[in-house]
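Enquirer: The structure file run.pdb (PDB, C-alpha atoms) is provided below.
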```
ATOM      1  CA  MET A 674     -17.875  16.038  -5.279
ATOM      2  CA  SER A 675     -18.207  15.227  -8.957
ATOM      3  CA  GLU A 676     -21.099  16.523 -11.016
ATOM      4  CA  PRO A 677     -23.942  14.029 -11.496
ATOM      5  CA  THR A 678     -23.819  12.382 -14.873
ATOM      6  CA  GLN A 679     -26.714  12.491 -17.295
ATOM      7  CA  GLN A 680     -27.380   8.885 -16.389
ATOM      8  CA  ASP A 681     -27.668   9.811 -12.692
ATOM      9  CA  VAL A 682     -30.091  12.605 -13.514
ATOM     10  CA  ARG A 683     -32.234  10.265 -15.608
ATOM     11  CA  ARG A 684     -32.238   7.651 -12.852
ATOM     12  CA  ILE A 685     -33.242  10.187 -10.184
ATOM     13  CA  ALA A 686     -36.011  11.587 -12.391
ATOM     14  CA  GLU A 687     -37.281   8.083 -13.152
ATOM     15  CA  GLU A 688     -37.321   7.224  -9.459
ATOM     16  CA  ALA A 689     -39.211  10.420  -8.603
ATOM     17  CA  ARG A 690     -41.829   9.584 -11.240
ATOM     18  CA  GLY A 691     -42.163   6.054  -9.851
ATOM     19  CA  ARG A 692     -42.622   7.396  -6.374
ATOM     20  CA  VAL A 693     -45.279   9.929  -7.401
ATOM     21  CA  ARG A 694     -47.137   7.203  -9.336
ATOM     22  CA  PHE A 695     -46.989   4.887  -6.341
ATOM     23  CA  GLU A 696     -48.279   7.547  -3.951
ATOM     24  CA  GLU A 697     -51.146   8.452  -6.266
ATOM     25  CA  GLU A 698     -52.195   4.844  -6.692
ATOM     26  CA  ALA A 699     -52.053   4.259  -2.938
ATOM     27  CA  LEU A 700     -54.176   7.361  -2.303
ATOM     28  CA  ASP A 701     -56.711   6.263  -4.913
ATOM     29  CA  LEU A 702     -57.200   3.103  -2.869
ATOM     30  CA  SER A 703     -57.577   4.884   0.462
ATOM     31  CA  ASP A 704     -61.406   4.770   0.497
ATOM     32  CA  GLN A 705     -61.350   1.019   0.062
ATOM     33  CA  VAL A 706     -58.605   0.578   2.646
ATOM     34  CA  TYR A 707     -60.533   2.741   5.119
ATOM     35  CA  ARG A 708     -63.725   0.708   4.751
ATOM     36  CA  VAL A 709     -61.813  -2.356   5.917
ATOM     37  CA  ALA A 710     -59.757  -0.501   8.554
ATOM     38  CA  ARG A 711     -62.886   0.939  10.112
ATOM     39  CA  HIS A 712     -64.065  -2.524  11.129
ATOM     40  CA  LEU A 713     -60.714  -3.901  12.225
ATOM     41  CA  VAL A 714     -60.635  -1.434  15.123
ATOM     42  CA  GLY A 715     -63.239  -0.273  17.591
ATOM     43  CA  SER A 716     -63.695   3.393  16.749
ATOM     44  CA  ARG A 717     -63.494   5.888  13.919
ATOM     45  CA  GLU A 718     -60.659   7.751  15.681
ATOM     46  CA  GLU A 719     -58.584   4.583  15.903
ATOM     47  CA  ALA A 720     -59.250   3.839  12.255
ATOM     48  CA  GLU A 721     -58.120   7.329  11.264
ATOM     49  CA  ASP A 722     -54.887   7.060  13.291
ATOM     50  CA  LEU A 723     -54.182   3.658  11.855
ATOM     51  CA  MET A 724     -54.742   4.909   8.311
ATOM     52  CA  GLN A 725     -52.290   7.770   8.815
ATOM     53  CA  GLU A 726     -49.630   5.494  10.242
ATOM     54  CA  THR A 727     -50.181   3.030   7.427
ATOM     55  CA  TYR A 728     -49.827   5.617   4.702
ATOM     56  CA  ALA A 729     -46.796   7.237   6.364
ATOM     57  CA  ARG A 730     -45.098   3.837   6.478
ATOM     58  CA  ALA A 731     -46.192   2.902   2.964
ATOM     59  CA  PHE A 732     -44.788   6.139   1.531
ATOM     60  CA  ARG A 733     -41.512   5.599   3.395
ATOM     61  CA  SER A 734     -41.079   2.027   2.207
ATOM     62  CA  TRP A 735     -42.563   2.326  -1.263
ATOM     63  CA  ARG A 736     -39.468   0.703  -2.800
ATOM     64  CA  THR A 737     -40.333  -2.610  -1.170
ATOM     65  CA  PHE A 738     -43.597  -2.808  -3.127
ATOM     66  CA  THR A 739     -43.342  -4.970  -6.237
ATOM     67  CA  PRO A 740     -45.117  -3.192  -9.125
ATOM     68  CA  GLY A 741     -47.794  -5.330 -10.707
ATOM     69  CA  THR A 742     -48.743  -7.043  -7.442
ATOM     70  CA  ASN A 743     -51.835  -6.245  -5.383
ATOM     71  CA  LEU A 744     -51.251  -2.802  -3.858
ATOM     72  CA  ARG A 745     -54.471  -2.856  -1.814
ATOM     73  CA  ALA A 746     -53.405  -6.134  -0.179
ATOM     74  CA  TRP A 747     -49.927  -4.697   0.435
ATOM     75  CA  LEU A 748     -51.393  -1.648   2.183
ATOM     76  CA  LEU A 749     -53.658  -3.803   4.318
ATOM     77  CA  ARG A 750     -50.744  -6.014   5.266
ATOM     78  CA  ILE A 751     -48.998  -2.925   6.657
ATOM     79  CA  LEU A 752     -52.197  -1.830   8.356
ATOM     80  CA  THR A 753     -52.904  -5.157  10.075
ATOM     81  CA  ASN A 754     -49.260  -5.421  11.209
ATOM     82  CA  LEU A 755     -49.396  -1.929  12.700
ATOM     83  CA  ASN A 756     -52.660  -2.768  14.357
ATOM     84  CA  ILE A 757     -51.098  -5.793  16.038
ATOM     85  CA  ASP A 758     -47.844  -3.976  16.887
ATOM     86  CA  ARG A 759     -49.601  -1.158  18.628
ATOM     87  CA  GLY A 760     -51.394  -3.624  20.815
ATOM     88  CA  ARG A 761     -54.672  -1.968  20.053
ATOM     89  CA  ARG A 762     -56.418  -5.227  19.768
ATOM     90  CA  GLN A 763     -58.066  -6.074  23.011
ATOM     91  CA  GLN A 764     -57.124  -9.676  23.354
ATOM     92  CA  ARG A 765     -60.096 -11.748  24.212
ATOM     93  CA  ALA A 766     -60.236 -15.472  24.337
ATOM     94  CA  PRO A 767     -62.302 -16.756  21.423
ATOM     95  CA  GLN A 768     -65.838 -17.219  22.605
ATOM     96  CA  THR A 769     -67.202 -20.680  22.555
ATOM     97  CA  THR A 770     -70.851 -20.030  23.161
ATOM     98  CA  SER A 771     -73.264 -22.611  21.922
ATOM     99  CA  LEU A 772     -74.317 -20.207  19.173
ATOM    100  CA  ASP A 773     -71.172 -20.531  17.154
ATOM    101  CA  GLU A 774     -71.561 -24.266  16.966
ATOM    102  CA  LYS A 775     -74.834 -23.960  15.078
ATOM    103  CA  GLY A 776     -74.971 -24.740  11.377
ATOM    104  CA  ASP A 777     -74.829 -22.278   8.513
ATOM    105  CA  TYR A 778     -78.602 -22.324   8.142
ATOM    106  CA  TYR A 779     -79.216 -21.469  11.790
ATOM    107  CA  LEU A 780     -80.216 -17.837  11.300
ATOM    108  CA  TYR A 781     -82.558 -18.644   8.440
ATOM    109  CA  ASP A 782     -84.129 -21.517  10.341
ATOM    110  CA  ARG A 783     -84.650 -19.392  13.449
ATOM    111  CA  LEU A 784     -86.275 -16.600  11.453
ATOM    112  CA  GLU A 785     -88.479 -19.058   9.627
ATOM    113  CA  GLU A 786     -89.460 -20.665  12.897
ATOM    114  CA  ALA A 787     -90.384 -17.257  14.347
ATOM    115  CA  GLU A 788     -92.459 -16.447  11.271
ATOM    116  CA  GLY A 789     -94.172 -19.815  11.255
ATOM    117  CA  LYS A 790     -94.031 -20.155   7.471
ATOM    118  CA  PRO A 791     -91.469 -20.322   4.671
ATOM    119  CA  LEU A 792     -89.718 -17.001   4.308
ATOM    120  CA  ASP A 793     -89.264 -14.612   1.476
ATOM    121  CA  GLU A 794     -85.471 -14.640   1.439
ATOM    122  CA  GLU A 795     -85.216 -10.978   0.494
ATOM    123  CA  ARG A 796     -87.842  -9.587   2.866
ATOM    124  CA  VAL A 797     -86.711 -11.451   5.942
ATOM    125  CA  ILE A 798     -83.515  -9.429   5.969
ATOM    126  CA  GLU A 799     -85.633  -6.389   6.733
ATOM    127  CA  ARG A 800     -86.174  -7.826  10.196
ATOM    128  CA  LEU A 801     -82.544  -7.076  10.922
ATOM    129  CA  SER A 802     -81.557  -3.483  11.594
ATOM    130  CA  GLN A 803     -78.243  -2.162  10.308
ATOM    131  CA  ASP A 804     -77.272  -1.332  13.889
ATOM    132  CA  SER A 805     -77.855  -4.914  14.925
ATOM    133  CA  ILE A 806     -75.382  -6.040  12.263
ATOM    134  CA  VAL A 807     -72.725  -3.614  13.493
ATOM    135  CA  ASP A 808     -73.346  -4.758  17.092
ATOM    136  CA  ALA A 809     -73.249  -8.422  16.103
ATOM    137  CA  LEU A 810     -69.929  -7.955  14.303
ATOM    138  CA  ALA A 811     -68.481  -6.332  17.428
ATOM    139  CA  GLU A 812     -69.278  -9.569  19.281
ATOM    140  CA  VAL A 813     -67.137 -11.638  16.929
ATOM    141  CA  PRO A 814     -63.685 -12.188  18.504
ATOM    142  CA  HIS A 815     -60.882 -10.266  16.780
ATOM    143  CA  ASP A 816     -59.019 -13.101  15.114
ATOM    144  CA  PHE A 817     -62.211 -14.311  13.475
ATOM    145  CA  ARG A 818     -63.459 -10.831  12.722
ATOM    146  CA  ASP A 819     -60.279  -9.797  10.879
ATOM    147  CA  VAL A 820     -60.820 -12.611   8.394
ATOM    148  CA  LEU A 821     -64.514 -11.853   7.980
ATOM    149  CA  VAL A 822     -63.862  -8.148   7.406
ATOM    150  CA  LEU A 823     -61.133  -8.799   4.819
ATOM    151  CA  VAL A 824     -63.220 -11.314   2.852
ATOM    152  CA  ASP A 825     -66.716  -9.839   3.150
ATOM    153  CA  ILE A 826     -66.008  -6.123   3.269
ATOM    154  CA  GLY A 827     -62.586  -6.012   1.608
ATOM    155  CA  ASP A 828     -63.604  -8.602  -0.992
ATOM    156  CA  PHE A 829     -60.221 -10.315  -0.734
ATOM    157  CA  SER A 830     -59.683 -13.902  -1.842
ATOM    158  CA  TYR A 831     -58.794 -16.537   0.746
ATOM    159  CA  ALA A 832     -55.214 -16.502  -0.614
ATOM    160  CA  ASP A 833     -54.837 -12.711  -0.293
ATOM    161  CA  THR A 834     -56.347 -12.795   3.186
ATOM    162  CA  ALA A 835     -53.874 -15.507   4.217
ATOM    163  CA  GLN A 836     -51.027 -13.352   2.985
ATOM    164  CA  ILE A 837     -52.266 -10.166   4.624
ATOM    165  CA  LEU A 838     -52.672 -11.835   8.015
ATOM    166  CA  ASP A 839     -49.693 -14.155   7.562
ATOM    167  CA  ILE A 840     -51.674 -17.271   8.411
ATOM    168  CA  PRO A 841     -52.257 -20.483   6.423
ATOM    169  CA  ILE A 842     -55.160 -20.539   3.979
ATOM    170  CA  GLY A 843     -56.776 -23.393   5.928
ATOM    171  CA  THR A 844     -56.859 -21.122   8.983
ATOM    172  CA  VAL A 845     -58.517 -18.398   6.902
ATOM    173  CA  MET A 846     -61.234 -20.843   5.895
ATOM    174  CA  SER A 847     -61.874 -22.187   9.367
ATOM    175  CA  ARG A 848     -61.876 -18.732  10.997
ATOM    176  CA  LEU A 849     -64.163 -17.366   8.312
ATOM    177  CA  HIS A 850     -66.563 -20.226   8.761
ATOM    178  CA  ARG A 851     -66.704 -19.745  12.505
ATOM    179  CA  ALA A 852     -66.899 -15.958  12.228
ATOM    180  CA  ARG A 853     -69.954 -16.202   9.990
ATOM    181  CA  ARG A 854     -71.617 -18.687  12.273
ATOM    182  CA  ILE A 855     -71.009 -16.484  15.307
ATOM    183  CA  LEU A 856     -72.298 -13.439  13.433
ATOM    184  CA  LYS A 857     -75.430 -15.251  12.337
ATOM    185  CA  GLY A 858     -75.951 -16.659  15.802
ATOM    186  CA  GLU A 859     -75.825 -13.154  17.257
ATOM    187  CA  LEU A 860     -78.201 -11.853  14.588
ATOM    188  CA  ALA A 861     -80.620 -14.714  15.199
ATOM    189  CA  GLU A 862     -80.825 -13.889  18.890
ATOM    190  CA  GLU A 863     -81.425 -10.247  18.071
ATOM    191  CA  ALA A 864     -84.005 -10.888  15.365
ATOM    192  CA  VAL A 865     -86.264 -13.284  17.255
ATOM    193  CA  LYS A 866     -86.181 -11.386  20.566
TER     194      LYS A 866
ATOM    195  CA  MET B 417     -83.530 -40.061   7.868
ATOM    196  CA  THR B 418     -83.211 -40.912   4.247
ATOM    197  CA  GLY B 419     -81.259 -44.078   4.836
ATOM    198  CA  TYR B 420     -78.456 -42.744   2.649
ATOM    199  CA  ALA B 421     -75.023 -42.606   4.200
ATOM    200  CA  PHE B 422     -74.385 -39.390   2.263
ATOM    201  CA  ASP B 423     -76.572 -36.383   2.980
ATOM    202  CA  PRO B 424     -76.575 -34.073  -0.087
ATOM    203  CA  CYS B 425     -77.964 -31.109   1.896
ATOM    204  CA  ALA B 426     -75.128 -31.379   4.402
ATOM    205  CA  LYS B 427     -72.688 -31.440   1.510
ATOM    206  CA  CYS B 428     -74.435 -28.439  -0.020
ATOM    207  CA  GLU B 429     -74.173 -26.554   3.265
ATOM    208  CA  GLU B 430     -70.479 -27.338   3.363
ATOM    209  CA  LEU B 431     -70.001 -25.959  -0.157
ATOM    210  CA  MET B 432     -72.166 -22.876   0.332
ATOM    211  CA  GLN B 433     -69.621 -20.465   1.822
ATOM    212  CA  PRO B 434     -66.749 -21.189  -0.593
ATOM    213  CA  TYR B 435     -69.280 -21.251  -3.452
ATOM    214  CA  LEU B 436     -70.486 -17.733  -2.606
ATOM    215  CA  ASP B 437     -66.882 -16.634  -2.078
ATOM    216  CA  ARG B 438     -66.080 -17.935  -5.591
ATOM    217  CA  GLU B 439     -63.411 -20.215  -4.175
ATOM    218  CA  LEU B 440     -64.599 -23.600  -5.490
ATOM    219  CA  ASP B 441     -63.082 -25.419  -8.442
ATOM    220  CA  GLU B 442     -65.219 -26.206 -11.496
ATOM    221  CA  VAL B 443     -66.127 -29.703 -10.378
ATOM    222  CA  GLN B 444     -67.312 -28.490  -6.989
ATOM    223  CA  VAL B 445     -69.249 -25.597  -8.542
ATOM    224  CA  ARG B 446     -71.090 -28.104 -10.747
ATOM    225  CA  GLU B 447     -71.753 -30.303  -7.757
ATOM    226  CA  ALA B 448     -73.221 -27.389  -5.767
ATOM    227  CA  GLU B 449     -75.314 -26.106  -8.676
ATOM    228  CA  GLU B 450     -76.728 -29.505  -9.569
ATOM    229  CA  HIS B 451     -77.894 -29.946  -6.001
ATOM    230  CA  LEU B 452     -79.320 -26.419  -5.845
ATOM    231  CA  GLU B 453     -81.363 -27.064  -8.974
ATOM    232  CA  ARG B 454     -83.017 -30.042  -7.357
ATOM    233  CA  CYS B 455     -83.332 -28.904  -3.751
ATOM    234  CA  SER B 456     -85.588 -25.964  -2.909
ATOM    235  CA  TYR B 457     -84.582 -26.135   0.780
ATOM    236  CA  CYS B 458     -80.960 -25.356   0.002
ATOM    237  CA  ARG B 459     -81.886 -22.954  -2.785
ATOM    238  CA  ARG B 460     -83.907 -20.784  -0.388
ATOM    239  CA  ARG B 461     -81.085 -20.737   2.103
ATOM    240  CA  TYR B 462     -78.502 -19.854  -0.518
ATOM    241  CA  ARG B 463     -80.676 -16.961  -1.665
ATOM    242  CA  PHE B 464     -81.050 -15.857   1.929
ATOM    243  CA  GLU B 465     -77.290 -15.998   2.393
ATOM    244  CA  VAL B 466     -76.719 -13.843  -0.689
ATOM    245  CA  SER B 467     -79.176 -11.215   0.606
ATOM    246  CA  LEU B 468     -77.643 -11.333   4.056
ATOM    247  CA  ARG B 469     -74.164 -10.753   2.694
ATOM    248  CA  ARG B 470     -75.345  -7.828   0.629
ATOM    249  CA  TYR B 471     -77.081  -6.390   3.680
ATOM    250  CA  VAL B 472     -74.044  -6.857   5.922
ATOM    251  CA  ARG B 473     -71.833  -5.172   3.358
ATOM    252  CA  THR B 474     -74.212  -2.199   3.140
ATOM    253  CA  ALA B 475     -74.483  -1.924   6.914
ATOM    254  CA  MET B 476     -70.697  -1.964   7.231
ATOM    255  CA  SER B 477     -69.979   0.482   4.488
ATOM    256  CA  GLU B 478     -68.711   3.703   5.981
ATOM    257  CA  GLU B 479     -67.259   6.455   3.852
ATOM    258  CA  MET B 480     -63.859   7.835   4.687
ATOM    259  CA  PRO B 481     -64.052  11.311   6.264
ATOM    260  CA  PRO B 482     -62.858  13.898   3.689
ATOM    261  CA  GLN B 483     -60.468  15.468   6.227
ATOM    262  CA  LEU B 484     -58.664  12.155   6.553
ATOM    263  CA  LYS B 485     -58.169  12.016   2.812
ATOM    264  CA  GLU B 486     -56.569  15.447   2.998
ATOM    265  CA  ARG B 487     -54.311  14.360   5.839
ATOM    266  CA  LEU B 488     -53.199  11.316   3.869
ATOM    267  CA  SER B 489     -52.469  13.445   0.812
ATOM    268  CA  ALA B 490     -50.310  15.702   2.968
ATOM    269  CA  LEU B 491     -48.103  12.697   3.791
ATOM    270  CA  ARG B 492     -46.892  12.516   0.207
ATOM    271  CA  THR B 493     -43.259  13.263  -0.488
ATOM    272  CA  PRO B 494     -42.925  16.944  -1.415
ATOM    273  CA  LEU B 495     -41.851  17.550  -4.984
ATOM    274  CA  HIS B 496     -38.674  19.632  -5.205
TER     275      HIS B 496
END
```
Turn this file's structure into structure tokens for me.
Expert:
Amino acid sequence: MSEPTQQDVRRIAEEARGRVRFEEEALDLSDQVYRVARHLVGSREEAEDLMQETYARAFRSWRTFTPGTNLRAWLLRILTNLNIDRGRRQQRAPQTTSLDEKGDYYLYDRLEEAEGKPLDEERVIERLSQDSIVDALAEVPHDFRDVLVLVDIGDFSYADTAQILDIPIGTVMSRLHRARRILKGELAEEAVK
Amino acid sequence: MTGYAFDPCAKCEELMQPYLDRELDEVQVREAEEHLERCSYCRRRYRFEVSLRRYVRTAMSEEMPPQLKERLSALRTPLH
């Protein structure tokens, strides 16, 4: 075998630097990725497994990432694909309770009705416990919840969310709309009990 | 019933989510804001929505366990 040329050595060194940089950037984003992952699956253990699989795959296929594009979205694309592949998502038919057909102002109107007077928008939130929010989110069917989690917790744009989940942007908007209505419907029931 | 064929509050409700998601174009943003300036009903509900979103985000925020961070770091390619 011939000796590597100086050019080969430079190329290998450059690639190693690129890889290290990529891995560091991906790790820097892991807290943000975890916050989203945690609510795409049912338990902390599942979220941890999914994170490890995601990072193992990301590190293996780092060359397919285009520098300068959104790395956080790229990582979440891997994560949501793995989540679907592993069949961890308990498929449930989307619920069509009457709650999710209520308008966007439903929760506010119900709380105001219960109070019997116009509400202080900030204080009324205190009627909702943090646990009730976590429980209400668990009631949102998966396909709707994925969109809600990516937009509201991950702070992704509609376009990024569409790309991560590989669905049209119009579907992102309609699922998001329904997810929020279902969530608020669940919270309304809880809050005025 | 106002007698108008077009209900501005219904329109405002329709714009609320994309407005708060910063997904409206300039014309639509102006349309939403002009209505909000005039309509205290919608304004209160927008404010409520903003607080609710903040609250949901806080409730959902869960820090990554430090051991997981270590496990992820260990997946890095070893340097030779």
Enquirer: At what distance in Å, to one decimal, does CA of Val845 (chain A) lie from CA of Leu821 (chain A)?
Expert: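 Separation between CA of Leu821 (chain A) and CA of Val845 (chain A): 8.9 Å.
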Enquirer: As a list in words, please: the residues near region 431-445 of chain B (cut-off 8 Å, all atoms listed in the file, same-chain neighbours under 3 positions excluded).
Expert: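 Close residues of region 431-445 of chain B: Ser830, Tyr831 and His850 of chain A; Lys427, Cys428, Ala448, Glu449, Tyr462 and Val466 of chain B.
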Enquirer: Those same residues - C-alpha atoms - I'd like them written as a PDB file, keeping the file's coordinate frame.
Expert:
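selection.pdb, written as the output of this step:
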```
ATOM      1  CA  SER A 830     -59.683 -13.902  -1.842  1.00  0.00           C
ATOM      2  CA  TYR A 831     -58.794 -16.537   0.746  1.00  0.00           C
ATOM      3  CA  HIS A 850     -66.563 -20.226   8.761  1.00  0.00           C
TER       4      HIS A 850
ATOM      5  CA  LYS B 427     -72.688 -31.440   1.510  1.00  0.00           C
ATOM      6  CA  CYS B 428     -74.435 -28.439  -0.020  1.00  0.00           C
ATOM      7  CA  ALA B 448     -73.221 -27.389  -5.767  1.00  0.00           C
ATOM      8  CA  GLU B 449     -75.314 -26.106  -8.676  1.00  0.00           C
ATOM      9  CA  TYR B 462     -78.502 -19.854  -0.518  1.00  0.00           C
ATOM     10  CA  VAL B 466     -76.719 -13.843  -0.689  1.00  0.00           C
TER      11      VAL B 466
END
```
Enquirer: I need the contact residues of chain B against chain A, so if you could list those with any atom within 8 Å, counting all atoms listed in the file, and return them as a list in words, that would help.
Expert: Glu429, Gln433, Asp437, Glu439, Arg460, Arg461, Arg463, Phe464, Ser467, Leu468, Arg469, Tyr471, Val472, Arg473, Ala475, Met476, Ser477, Glu478, Glu479, Met480, Leu484, Lys485, Arg487, Leu488, Ser489, Leu491, Arg492 and Thr493 of chain B
Enquirer: Which residues would end up in the selection if the PyMOL selection byres ((chain A and resi 754) around 12) were applied here, given that I need the answer as a list in words?
Expert: Ala710, Leu713, Leu723, Glu726, Thr727, Arg730, Trp747, Leu748, Leu749, Arg750, Ile751, Leu752, Thr753, Leu755, Asn756, Ile757, Asp758, Arg759, Gly760, Arg761, Arg762, Asp819, Gln836, Ile837, Leu838 and Asp839 of chain A
Enquirer: Show me, as lines of an AutoDock Vina configuration file, the centre and edge lengths in Å to one decimal of the axis-aligned box that covers every listed atom of region 831-839 of chain A with 6 Å on each side.
Expert:
```
center_x = -54.2
center_y = -13.4
center_z = 3.7
size_x = 21.1
size_y = 18.4
size_z = 20.6
```
Enquirer: Please indicate the distance in Å from CA of Val820 (chain A) to CA of Ala852 (chain A), rounded to one decimal place.
Expert: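 According to the coordinates, CA of Val820 (chain A) and CA of Ala852 (chain A) are separated by 7.9 Å.
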Enquirer: In Å, rounded to a single decimal, give me how far CA of Gly691 (chain A) is from CA of Ala731 (chain A).
Expert: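 About the pair CA of Ala731 (chain A) and CA of Gly691 (chain A): they are 13.8 Å apart.
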Enquirer: Let me make sure I understand: among B:Pro481, B:Pro494, B:Glu486, B:Cys425, which one has the smallest atom-to-atom distance to Leu452 (chain B) if we use all atoms listed in the file?
Expert: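 Of B:Pro481, B:Pro494, B:Glu486, B:Cys425, the one nearest Leu452 (chain B) is B:Cys425, counting all atoms listed in the file.
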Enquirer: Nearest to Glu698 (chain A): which of A:Thr737, A:Leu744, A:Pro677, A:Val682 is it, counting only C-alpha atoms?
Expert: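 Under the stated criterion, the closest residue is A:Leu744.
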Enquirer: Would you pick out the contacts of Pro424 (chain B) at 10 Å or less, using only C-alpha atoms, so that residues sharing its chain but fewer than 6 positions from it are not included, and give the list as a list of chain:residue names?
Expert: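 Result of the neighbour search: B:Glu430, B:Glu447, B:Ala448, B:His451, B:Leu452, B:Cys455, B:Cys458.
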Enquirer: For the residues in that selection, give me C-alpha atoms as a PDB file, in the frame of the given file.
Expert:
```
ATOM      1  CA  GLU B 430     -70.479 -27.338   3.363  1.00  0.00           C
ATOM      2  CA  GLU B 447     -71.753 -30.303  -7.757  1.00  0.00           C
ATOM      3  CA  ALA B 448     -73.221 -27.389  -5.767  1.00  0.00           C
ATOM      4  CA  HIS B 451     -77.894 -29.946  -6.001  1.00  0.00           C
ATOM      5  CA  LEU B 452     -79.320 -26.419  -5.845  1.00  0.00           C
ATOM      6  CA  CYS B 455     -83.332 -28.904  -3.751  1.00  0.00           C
ATOM      7  CA  CYS B 458     -80.960 -25.356   0.002  1.00  0.00           C
TER       8      CYS B 458
END
```
Enquirer: Working from the structure I just supplied, which lacks atoms in region 820-826 of chain A, can you model all heavy atoms there and output them as a PDB file, keeping the file's coordinate frame?
Expert:
```
ATOM      1  N   VAL A 820     -60.648 -11.815   9.617  1.00  0.00           N
ATOM      2  CA  VAL A 820     -60.820 -12.611   8.394  1.00  0.00           C
ATOM      3  C   VAL A 820     -62.147 -12.258   7.718  1.00  0.00           C
ATOM      4  O   VAL A 820     -62.212 -12.034   6.507  1.00  0.00           O
ATOM      5  CB  VAL A 820     -60.759 -14.128   8.723  1.00  0.00           C
ATOM      6  CG1 VAL A 820     -61.012 -14.954   7.484  1.00  0.00           C
ATOM      7  CG2 VAL A 820     -59.412 -14.486   9.338  1.00  0.00           C
ATOM      8  N   LEU A 821     -63.183 -12.175   8.513  1.00  0.00           N
ATOM      9  CA  LEU A 821     -64.514 -11.853   7.980  1.00  0.00           C
ATOM     10  C   LEU A 821     -64.518 -10.475   7.301  1.00  0.00           C
ATOM     11  O   LEU A 821     -65.063 -10.304   6.206  1.00  0.00           O
ATOM     12  CB  LEU A 821     -65.528 -11.861   9.132  1.00  0.00           C
ATOM     13  CG  LEU A 821     -66.986 -11.644   8.762  1.00  0.00           C
ATOM     14  CD1 LEU A 821     -67.556 -12.906   8.146  1.00  0.00           C
ATOM     15  CD2 LEU A 821     -67.810 -11.259   9.976  1.00  0.00           C
ATOM     16  N   VAL A 822     -63.893  -9.509   7.946  1.00  0.00           N
ATOM     17  CA  VAL A 822     -63.862  -8.148   7.406  1.00  0.00           C
ATOM     18  C   VAL A 822     -63.076  -8.117   6.085  1.00  0.00           C
ATOM     19  O   VAL A 822     -63.502  -7.505   5.109  1.00  0.00           O
ATOM     20  CB  VAL A 822     -63.261  -7.172   8.450  1.00  0.00           C
ATOM     21  CG1 VAL A 822     -62.945  -5.820   7.825  1.00  0.00           C
ATOM     22  CG2 VAL A 822     -64.232  -6.984   9.613  1.00  0.00           C
ATOM     23  N   LEU A 823     -61.942  -8.814   6.045  1.00  0.00           N
ATOM     24  CA  LEU A 823     -61.133  -8.799   4.819  1.00  0.00           C
ATOM     25  C   LEU A 823     -61.866  -9.479   3.659  1.00  0.00           C
ATOM     26  O   LEU A 823     -61.840  -8.997   2.532  1.00  0.00           O
ATOM     27  CB  LEU A 823     -59.782  -9.487   5.065  1.00  0.00           C
ATOM     28  CG  LEU A 823     -58.787  -8.659   5.898  1.00  0.00           C
ATOM     29  CD1 LEU A 823     -57.612  -9.510   6.351  1.00  0.00           C
ATOM     30  CD2 LEU A 823     -58.266  -7.460   5.097  1.00  0.00           C
ATOM     31  N   VAL A 824     -62.549 -10.583   3.943  1.00  0.00           N
ATOM     32  CA  VAL A 824     -63.220 -11.314   2.852  1.00  0.00           C
ATOM     33  C   VAL A 824     -64.548 -10.634   2.481  1.00  0.00           C
ATOM     34  O   VAL A 824     -64.814 -10.396   1.302  1.00  0.00           O
ATOM     35  CB  VAL A 824     -63.454 -12.796   3.232  1.00  0.00           C
ATOM     36  CG1 VAL A 824     -64.265 -13.514   2.155  1.00  0.00           C
ATOM     37  CG2 VAL A 824     -62.120 -13.509   3.439  1.00  0.00           C
ATOM     38  N   ASP A 825     -65.371 -10.327   3.462  1.00  0.00           N
ATOM     39  CA  ASP A 825     -66.716  -9.839   3.150  1.00  0.00           C
ATOM     40  C   ASP A 825     -66.779  -8.342   2.863  1.00  0.00           C
ATOM     41  O   ASP A 825     -67.584  -7.903   2.059  1.00  0.00           O
ATOM     42  CB  ASP A 825     -67.683 -10.177   4.290  1.00  0.00           C
ATOM     43  CG  ASP A 825     -68.128 -11.628   4.208  1.00  0.00           C
ATOM     44  OD1 ASP A 825     -67.695 -12.326   3.275  1.00  0.00           O
ATOM     45  OD2 ASP A 825     -68.911 -12.062   5.070  1.00  0.00           O
ATOM     46  N   ILE A 826     -65.969  -7.563   3.521  1.00  0.00           N
ATOM     47  CA  ILE A 826     -66.008  -6.123   3.269  1.00  0.00           C
ATOM     48  C   ILE A 826     -64.892  -5.736   2.293  1.00  0.00           C
ATOM     49  O   ILE A 826     -65.095  -4.957   1.381  1.00  0.00           O
ATOM     50  CB  ILE A 826     -65.925  -5.323   4.590  1.00  0.00           C
ATOM     51  CG1 ILE A 826     -67.116  -5.715   5.475  1.00  0.00           C
ATOM     52  CG2 ILE A 826     -65.934  -3.822   4.322  1.00  0.00           C
ATOM     53  CD1 ILE A 826     -67.059  -5.208   6.878  1.00  0.00           C
TER      54      ILE A 826
END
```
